[in-house]
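Below is one structure, written out as C-alpha cells; comments come after it.
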Amino acid sequence: VHRFQSYIEDSLGSYAPRFRAENSLLEPHNHFDVATGPQGLPFEDSHYPIEIDMGSRSTIDLEQQVTNLDSADMDYLRAKGAFELPPYNLQEDLVQAYFAEVNPVAPIINRTKFLNEFHNHCVSSRLLLFAVFTAGCKACRNPLLLDHKGTNHQSARRFYKVTKALLDTGYEQDKVARIQALLLITWWWDKKDDGGRNMRACAVDAINTAQSIGMHRWDQYPRSDPVLRGLWKRVWWTCFMRDVGVATSHGLPCIISLSEFDVHFLVAEDFSEEPHVPPDQQQYPYSNAEISFFIEQAKIMEMLHLIQSEHITRFRLHSNTIGPIADRQSGGTEMEYPPGVKNIRLDYEDDYHDQSLKLLKQWFETVPEAVRYDVDDIQGHRFWPAFLHILYFTAICIRFRERAVSRPTDARARAERQYCQSRGIAAASMIFKILRNVRAHGHIYRCTGLLTQSVFNCLIFFLIEGQSLNEEVRKDARNKYSLCLNVLYEFSQLWVSASLIHRLFESLQGSMQFRKERPHSIYFDQWLPPVPGLHVSSDITNQKMRELLATEFYYAPSSTDVTGFEQSSNSISTGFTPNFSFPMDDTSPHYSQGFPENLDVEQWYDLRGIRGVYRADT
C-alpha cells in the first residue's frame, strides 16, 4: 500500500488523497515525513481533503491468501532443511567469518541488532540468517564445511538452496530483508549461464525490489530514524556496486543508471548503529578503515560504471541502429548489417579526457590515508587497502583494454594502442605486485569473486607483454603470468569462474614460451620498453604509476614514417607524443578472432582450438 500511495502522490501531487488501511490512518509514504509543498515547506493545511479507507478494498482477502504460506510450502521448506540449523559452534564460525570478510565489502545488515539477536538465540529473520550462512561460507574454513576435495562448494550450495527456497515461497515479507538476502547470495555462485542462479540474476532481483520500495529516491527515505536511513543508503549503494561488478564481469549493460536515482552519497554517520552512544562505548562500531573502504569502493565502482557504459557497451553496438525507432529504420537494412556479426567500433578518435579517466587520476592522488597502499611495502601490507587498489587498477586495465588489443590500421591508431598498452601493462603490473603481497600473507581467500575479473585483465596484458622482442621483458611477463595462474588455481577453491579462466589461460601460456623473431631492420637492436621509463614493468612504483596517469596523449601526424613510433624510455613528460624513428615492438598476439572482452567462456573456445577439449559445464 505504501508503494501504491507513493505512485498516487507522484501522479496527483497536491490533489492526492490520504489513505487509511485496516481502519488506521497511513503515515506518509516515507514513514516519517510530513506533507510539504514547493521547496519543502509545510502546507498550511497538513491534512489531505479526502481520506480513503484502503482496508475495505474487496481484494484484501485474496492478497492475504497469496502472501500466506500453505501446507505445501511448509513441506517444501522442511524438505529443503529451512528449519534445521547447523551446530551452534559452526553457526558462530559462519557469522564471525561473514562480519569479518563479507560485511566490510557489503555492510547491508544492522550488525549491532543482528549480533545481539544471534547471541540471544532469537534472530528475527530466518531468511537473513541463512543468507549470512551462504555468504559467510565463502570465507569460513571450518572443517565441517569442506568436502573430500577440500572445497566448500557443497556446503555453500546447501545454504544457498535453503535461502532461495525461503525467498521463492515468500516466507519473509519484509522487503528490506529480501533485498539483503538477494545481495548476500550473490556470494554463492558466479557462472553466467546457469539458469538464474548467478550473481547477475540475484543482483537484478535485489535492484527491482529496492526500487519497488523507493530506495532509489531520496524523498522516500525516513527522516526521523538515522539508523534506518543509513542502512537504506548502504543497501542501495551496495545494489549499485553489485550491478557494476557483475556487469563488467559478464560483459553486460548496467541495470542502474547514475542519472536515474538521487540518493545522497555515503558519509561516516551512515555507519553509526547506536547514534546516541559514544563511539568508544558502542558494541560493534565500524572502524575508520571499514568506513573508508566501503566509501572508496563505491567511488571506484562509479568509475567502472562510466567505463562500462561509455567505452565497452556503447561501442559494441551498431551505431546505425541505436536510439529512436526512426533512426533505426533509416540506419540500414539487415542485409547491410547481418545478424550474428560482432561490431567493435574503434574508428572513433579517443581524446582520453573523459570523465572516467579524470576520476581515475583524481582518486589516486586523493585516496584517504586509512586506505592508502604502497605496493612495495610487503611488511606493511593491509588486506582491505590492498584489495581496494586491486579494484582500482582493474578499472584502469578495463579502460585501456579495447585499444590495447586492437589491430591498428593507421599511425594514430598505432599511437593510441601503444599509449593504452603501456598504461594497461603498468596497471596490471601493480595488481601483480599487490597479489604477490596478498599471497605472501595468505589472504587470497579473503578476496571477493571480483578478483577473477582483475586477474583476467592482468593475464590479457601480460600475454601482450610476452610478445616483446626483448628476452628480459618476455621473462618478466612469463613470471607475472605464472603467478596469476597460480592465484587463479588457489582461488578456484572458492569461485567456479576462476577455475574456468585458469584452464583457458593455461592453454594460451604456450604462446609466451617461444622466442619471437626480430624484424629485418637496421634498428634490430633497439626495442621499446612496455612501460616508458622502466626496463621491465615489474619495476613499477606508486609514484611512477601516478606520473604515467598524469601523462596526456598527444598525437601530431608525421610524414616521415608510418610504420612505427618511439616513446622515450628515459623519463615521462607531461605529454605522450609518438614520433616515427624505427619500427615499434609489435606486442600483439596474432589471434584472428581478437580477445574476448569478458569472462564468458564461450567467447574463448575458438581462440586457440580449445573447443572440444574443455566444456564450460564441467
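Scheme for the C-alpha cells: letters A, B, ... for chains in order shown; per-chain residue numbers from 1; ligand numbers from 1 in order shown.
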Exercise: Thr238 (chain A) partners within 7 Å, only C-alpha atoms, chain neighbours under 4 positions left out, as a list of chain:residue names: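 Contacts, with the query itself left out: A:Ala106, A:Arg234, A:Arg242.
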Residues of the last selection are to be written out with N, CA and C atoms, as an mmCIF file, in the first residue's frame.
```cif
data_model
loop_
_atom_site.group_PDB
_atom_site.id
_atom_site.type_symbol
_atom_site.label_atom_id
_atom_site.label_comp_id
_atom_site.auth_asym_id
_atom_site.auth_seq_id
_atom_site.Cartn_x
_atom_site.Cartn_y
_atom_site.Cartn_z
ATOM 1 N N ALA A 106 30.166 -5.304 1.829
ATOM 2 C CA ALA A 106 28.738 -5.017 1.653
ATOM 3 C C ALA A 106 28.079 -4.907 3.030
ATOM 4 N N ARG A 234 23.276 2.331 2.650
ATOM 5 C CA ARG A 234 24.287 1.292 2.453
ATOM 6 C C ARG A 234 23.758 0.178 1.563
ATOM 7 N N ARG A 242 27.107 -3.936 -6.802
ATOM 8 C CA ARG A 242 26.987 -5.306 -7.299
ATOM 9 C C ARG A 242 26.560 -5.310 -8.762
#
```
Need to verify the contact set: region 154-158 of chain A, 10 Å, only C-alpha atoms, exclusion of same-chain residues closer than 5 positions in sequence. Can you return it as a PDB file with N, CA and C atoms, in the first residue's frame?
```
ATOM      1  N   LYS A  80      13.762 -28.832   2.229  1.00  0.00           N
ATOM      2  CA  LYS A  80      14.998 -28.117   1.913  1.00  0.00           C
ATOM      3  C   LYS A  80      15.879 -27.890   3.137  1.00  0.00           C
ATOM      4  N   GLY A  81      15.334 -28.184   4.325  1.00  0.00           N
ATOM      5  CA  GLY A  81      16.120 -28.005   5.543  1.00  0.00           C
ATOM      6  C   GLY A  81      16.064 -26.608   6.106  1.00  0.00           C
ATOM      7  N   PHE A 130      20.070 -17.480   7.069  1.00  0.00           N
ATOM      8  CA  PHE A 130      20.617 -18.409   6.077  1.00  0.00           C
ATOM      9  C   PHE A 130      21.371 -17.670   4.982  1.00  0.00           C
ATOM     10  N   PHE A 133      24.720 -17.240   6.378  1.00  0.00           N
ATOM     11  CA  PHE A 133      25.441 -18.510   6.280  1.00  0.00           C
ATOM     12  C   PHE A 133      25.966 -18.726   4.852  1.00  0.00           C
ATOM     13  N   THR A 134      25.149 -18.406   3.852  1.00  0.00           N
ATOM     14  CA  THR A 134      25.558 -18.598   2.452  1.00  0.00           C
ATOM     15  C   THR A 134      26.772 -17.759   2.109  1.00  0.00           C
ATOM     16  N   ALA A 135      26.714 -16.474   2.471  1.00  0.00           N
ATOM     17  CA  ALA A 135      27.840 -15.586   2.165  1.00  0.00           C
ATOM     18  C   ALA A 135      29.044 -15.901   3.039  1.00  0.00           C
ATOM     19  N   GLY A 136      28.804 -16.178   4.315  1.00  0.00           N
ATOM     20  CA  GLY A 136      29.904 -16.458   5.225  1.00  0.00           C
ATOM     21  C   GLY A 136      30.623 -17.752   4.910  1.00  0.00           C
ATOM     22  N   CYS A 137      29.926 -18.678   4.232  1.00  0.00           N
ATOM     23  CA  CYS A 137      30.535 -19.957   3.894  1.00  0.00           C
ATOM     24  C   CYS A 137      31.745 -19.774   2.984  1.00  0.00           C
ATOM     25  N   LYS A 138      31.730 -18.742   2.144  1.00  0.00           N
ATOM     26  CA  LYS A 138      32.870 -18.484   1.260  1.00  0.00           C
ATOM     27  C   LYS A 138      34.121 -18.100   2.051  1.00  0.00           C
ATOM     28  N   LEU A 144      34.041 -28.646   9.038  1.00  0.00           N
ATOM     29  CA  LEU A 144      32.719 -29.222   8.814  1.00  0.00           C
ATOM     30  C   LEU A 144      32.128 -28.800   7.471  1.00  0.00           C
ATOM     31  N   LEU A 145      32.666 -27.734   6.874  1.00  0.00           N
ATOM     32  CA  LEU A 145      32.127 -27.219   5.617  1.00  0.00           C
ATOM     33  C   LEU A 145      32.799 -27.829   4.396  1.00  0.00           C
ATOM     34  N   LEU A 146      33.939 -28.474   4.585  1.00  0.00           N
ATOM     35  CA  LEU A 146      34.754 -28.908   3.450  1.00  0.00           C
ATOM     36  C   LEU A 146      34.335 -30.292   2.964  1.00  0.00           C
ATOM     37  N   ASP A 147      34.410 -30.478   1.639  1.00  0.00           N
ATOM     38  CA  ASP A 147      34.120 -31.789   1.060  1.00  0.00           C
ATOM     39  C   ASP A 147      35.419 -32.568   0.885  1.00  0.00           C
ATOM     40  N   THR A 163      18.173 -20.674   1.385  1.00  0.00           N
ATOM     41  CA  THR A 163      17.873 -19.250   1.253  1.00  0.00           C
ATOM     42  C   THR A 163      16.968 -18.992   0.064  1.00  0.00           C
ATOM     43  N   LYS A 164      17.256 -19.642  -1.055  1.00  0.00           N
ATOM     44  CA  LYS A 164      16.444 -19.454  -2.259  1.00  0.00           C
ATOM     45  C   LYS A 164      15.019 -19.969  -2.036  1.00  0.00           C
ATOM     46  N   ILE A 185      23.314 -13.676  -1.344  1.00  0.00           N
ATOM     47  CA  ILE A 185      23.504 -14.948  -2.045  1.00  0.00           C
ATOM     48  C   ILE A 185      24.219 -14.766  -3.374  1.00  0.00           C
ATOM     49  N   TRP A 187      27.086 -14.089  -3.359  1.00  0.00           N
ATOM     50  CA  TRP A 187      28.410 -14.612  -2.999  1.00  0.00           C
ATOM     51  C   TRP A 187      28.521 -16.117  -3.226  1.00  0.00           C
ATOM     52  N   TRP A 188      27.428 -16.759  -3.639  1.00  0.00           N
ATOM     53  CA  TRP A 188      27.483 -18.220  -3.714  1.00  0.00           C
ATOM     54  C   TRP A 188      27.926 -18.722  -5.082  1.00  0.00           C
ATOM     55  N   TRP A 189      27.483 -18.104  -6.163  1.00  0.00           N
ATOM     56  CA  TRP A 189      27.693 -18.701  -7.488  1.00  0.00           C
ATOM     57  C   TRP A 189      28.008 -17.603  -8.482  1.00  0.00           C
ATOM     58  N   LEU A 494      37.227 -21.540  -4.214  1.00  0.00           N
ATOM     59  CA  LEU A 494      36.056 -20.795  -3.766  1.00  0.00           C
ATOM     60  C   LEU A 494      35.132 -20.413  -4.909  1.00  0.00           C
TER      61      LEU A 494
END
```
Using only C-alpha atoms, the best pick from A:Asp243, A:Glu310, A:Glu260, A:Asp354 as closest to Met215 (chain A) would be A:Glu260
Excluding Phe383 (chain A) and any residue of its chain fewer than 2 positions from it, enumerate the residues within 9 Å of it, using only C-alpha atoms, and give them as an MDAnalysis selection string. chainID A and resid 381 385:388 438 441 443 446:447
Could you pull out the helix (DSSP H, G or I) residues of region 133-174 of chain A from DSSP and send them as JSON, numbers by chain? {"A": [133, 134, 135, 136, 137, 143, 144, 145, 153, 154, 155, 156, 157, 158, 159, 160, 161, 162, 163, 164, 165, 166, 167, 168]}
Work out how far CA of Phe99 (chain A) is from CA of Glu84 (chain A), in Å to one decimal.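 These two atoms are separated by 22.2 Å.
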Write out as a Markdown table a residue-level contact list of region 287-314 of chain A versus region 263-272 of chain A with cut-off 10 Å: for each qualifying residue the closest pair of atoms and the distance in Å to one decimal, counting only C-alpha atoms, rows sorted by chain and residue number upward.
```
| residue | atom | partner | partner_atom | distance |
| --- | --- | --- | --- | --- |
| A:Ser287 | CA | A:Phe271 | CA | 9.4 |
| A:Asn288 | CA | A:Ala268 | CA | 8.4 |
| A:Glu290 | CA | A:Phe271 | CA | 9.6 |
| A:Ile291 | CA | A:Ala268 | CA | 6.5 |
| A:Ser292 | CA | A:Ala268 | CA | 8.3 |
| A:Phe294 | CA | A:Leu266 | CA | 8.9 |
| A:Ile295 | CA | A:Leu266 | CA | 6.4 |
| A:Glu296 | CA | A:Leu266 | CA | 9.8 |
| A:Ala298 | CA | A:Leu266 | CA | 8.8 |
| A:Lys299 | CA | A:Phe265 | CA | 9.7 |
```
Just C-alpha atoms for this one: save the residues we selected as a PDB file, in the first residue's frame.
```
ATOM      1  CA  SER A 287      36.335   1.261  12.154  1.00  0.00           C
ATOM      2  CA  ASN A 288      37.587   4.184  10.095  1.00  0.00           C
ATOM      3  CA  GLU A 290      35.997  -0.166   7.146  1.00  0.00           C
ATOM      4  CA  ILE A 291      34.089   3.059   6.515  1.00  0.00           C
ATOM      5  CA  SER A 292      36.765   4.420   4.188  1.00  0.00           C
ATOM      6  CA  PHE A 294      33.273   0.993   1.511  1.00  0.00           C
ATOM      7  CA  ILE A 295      33.039   4.661   0.544  1.00  0.00           C
ATOM      8  CA  GLU A 296      36.099   4.479  -1.708  1.00  0.00           C
ATOM      9  CA  ALA A 298      31.696   2.973  -4.259  1.00  0.00           C
ATOM     10  CA  LYS A 299      33.776   5.658  -5.997  1.00  0.00           C
TER      11      LYS A 299
END
```
For Val367 (chain A): contacts at 12 Å, only C-alpha atoms, fewer than 2 positions along chain excluded, given as a ChimeraX atom specification: /A:292-293,295-297,299-300,359-365,369-374,385,388-389,392
Show me, as an mmCIF file with N, CA and C atoms, in the first residue's frame, the residues that have an atom within 12 Å of Phe83 (chain A) when counting only C-alpha atoms, minus same-chain residues fewer than 6 positions from it.
```cif
data_model
loop_
_atom_site.group_PDB
_atom_site.id
_atom_site.type_symbol
_atom_site.label_atom_id
_atom_site.label_comp_id
_atom_site.auth_asym_id
_atom_site.auth_seq_id
_atom_site.Cartn_x
_atom_site.Cartn_y
_atom_site.Cartn_z
ATOM 1 N N MET A 74 5.150 -25.198 3.323
ATOM 2 C CA MET A 74 5.863 -25.571 4.540
ATOM 3 C C MET A 74 6.565 -26.917 4.362
ATOM 4 N N ASP A 75 5.911 -27.851 3.692
ATOM 5 C CA ASP A 75 6.553 -29.146 3.429
ATOM 6 C C ASP A 75 7.788 -28.968 2.552
ATOM 7 N N TYR A 76 7.683 -28.081 1.572
ATOM 8 C CA TYR A 76 8.820 -27.800 0.684
ATOM 9 C C TYR A 76 9.992 -27.223 1.481
ATOM 10 N N LEU A 77 9.696 -26.285 2.383
ATOM 11 C CA LEU A 77 10.751 -25.679 3.186
ATOM 12 C C LEU A 77 11.378 -26.703 4.126
ATOM 13 N N ARG A 126 14.736 -15.595 9.691
ATOM 14 C CA ARG A 126 15.377 -16.856 9.291
ATOM 15 C C ARG A 126 15.996 -16.717 7.902
ATOM 16 N N LEU A 127 15.340 -15.979 7.026
ATOM 17 C CA LEU A 127 15.876 -15.746 5.685
ATOM 18 C C LEU A 127 17.235 -15.071 5.763
ATOM 19 N N LEU A 129 19.293 -15.007 8.261
ATOM 20 C CA LEU A 129 20.272 -15.883 8.910
ATOM 21 C C LEU A 129 20.890 -16.841 7.899
ATOM 22 N N PHE A 130 20.070 -17.480 7.069
ATOM 23 C CA PHE A 130 20.617 -18.409 6.077
ATOM 24 C C PHE A 130 21.371 -17.670 4.982
ATOM 25 N N PHE A 159 23.316 -24.113 1.764
ATOM 26 C CA PHE A 159 22.799 -22.878 2.364
ATOM 27 C C PHE A 159 22.094 -22.015 1.317
ATOM 28 N N VAL A 162 18.550 -23.366 0.639
ATOM 29 C CA VAL A 162 17.607 -23.013 1.709
ATOM 30 C C VAL A 162 17.196 -21.549 1.580
ATOM 31 N N THR A 163 18.173 -20.674 1.385
ATOM 32 C CA THR A 163 17.873 -19.250 1.253
ATOM 33 C C THR A 163 16.968 -18.992 0.064
ATOM 34 N N ALA A 165 14.887 -21.082 -1.315
ATOM 35 C CA ALA A 165 13.555 -21.619 -1.036
ATOM 36 C C ALA A 165 12.759 -20.648 -0.172
ATOM 37 N N LEU A 166 13.392 -20.050 0.814
ATOM 38 C CA LEU A 166 12.711 -19.067 1.666
ATOM 39 C C LEU A 166 12.297 -17.847 0.852
ATOM 40 N N TYR A 171 8.470 -16.624 2.356
ATOM 41 C CA TYR A 171 8.472 -16.845 3.805
ATOM 42 C C TYR A 171 8.719 -15.539 4.544
#
```
As a VMD selection string, please: the residues near Trp236 (chain A) (cut-off 10 Å, only C-alpha atoms, same-chain neighbours under 6 positions excluded). chain A and resid 108 179 to 180 206 to 207 210 to 211 215 to 216 230 242 261 263
Find the spatial neighbours of region 542-545 of chain A, counting only C-alpha atoms, within a cut-off of 8 Å - ignore same-chain residues fewer than 4 positions away - and output them as a short mmCIF file (atom, residue, chain, number, x, y, z; two decimals) with N, CA and C atoms, in the first residue's frame.
```cif
data_model
loop_
_atom_site.label_atom_id
_atom_site.label_comp_id
_atom_site.auth_asym_id
_atom_site.auth_seq_id
_atom_site.Cartn_x
_atom_site.Cartn_y
_atom_site.Cartn_z
N ASP A 374 51.02 0.98 -0.40
CA ASP A 374 52.29 1.00 -1.14
C ASP A 374 52.58 -0.41 -1.61
N VAL A 375 52.64 -0.60 -2.92
CA VAL A 375 52.80 -1.96 -3.47
C VAL A 375 54.15 -2.57 -3.11
N ALA A 426 51.15 -1.36 -17.10
CA ALA A 426 51.57 -0.77 -15.82
C ALA A 426 50.55 -1.09 -14.73
N ALA A 427 49.26 -0.91 -15.03
CA ALA A 427 48.22 -1.21 -14.03
C ALA A 427 48.20 -2.70 -13.69
N LEU A 549 49.85 8.11 -15.26
CA LEU A 549 48.46 8.52 -15.41
C LEU A 549 48.34 10.00 -15.74
#
```
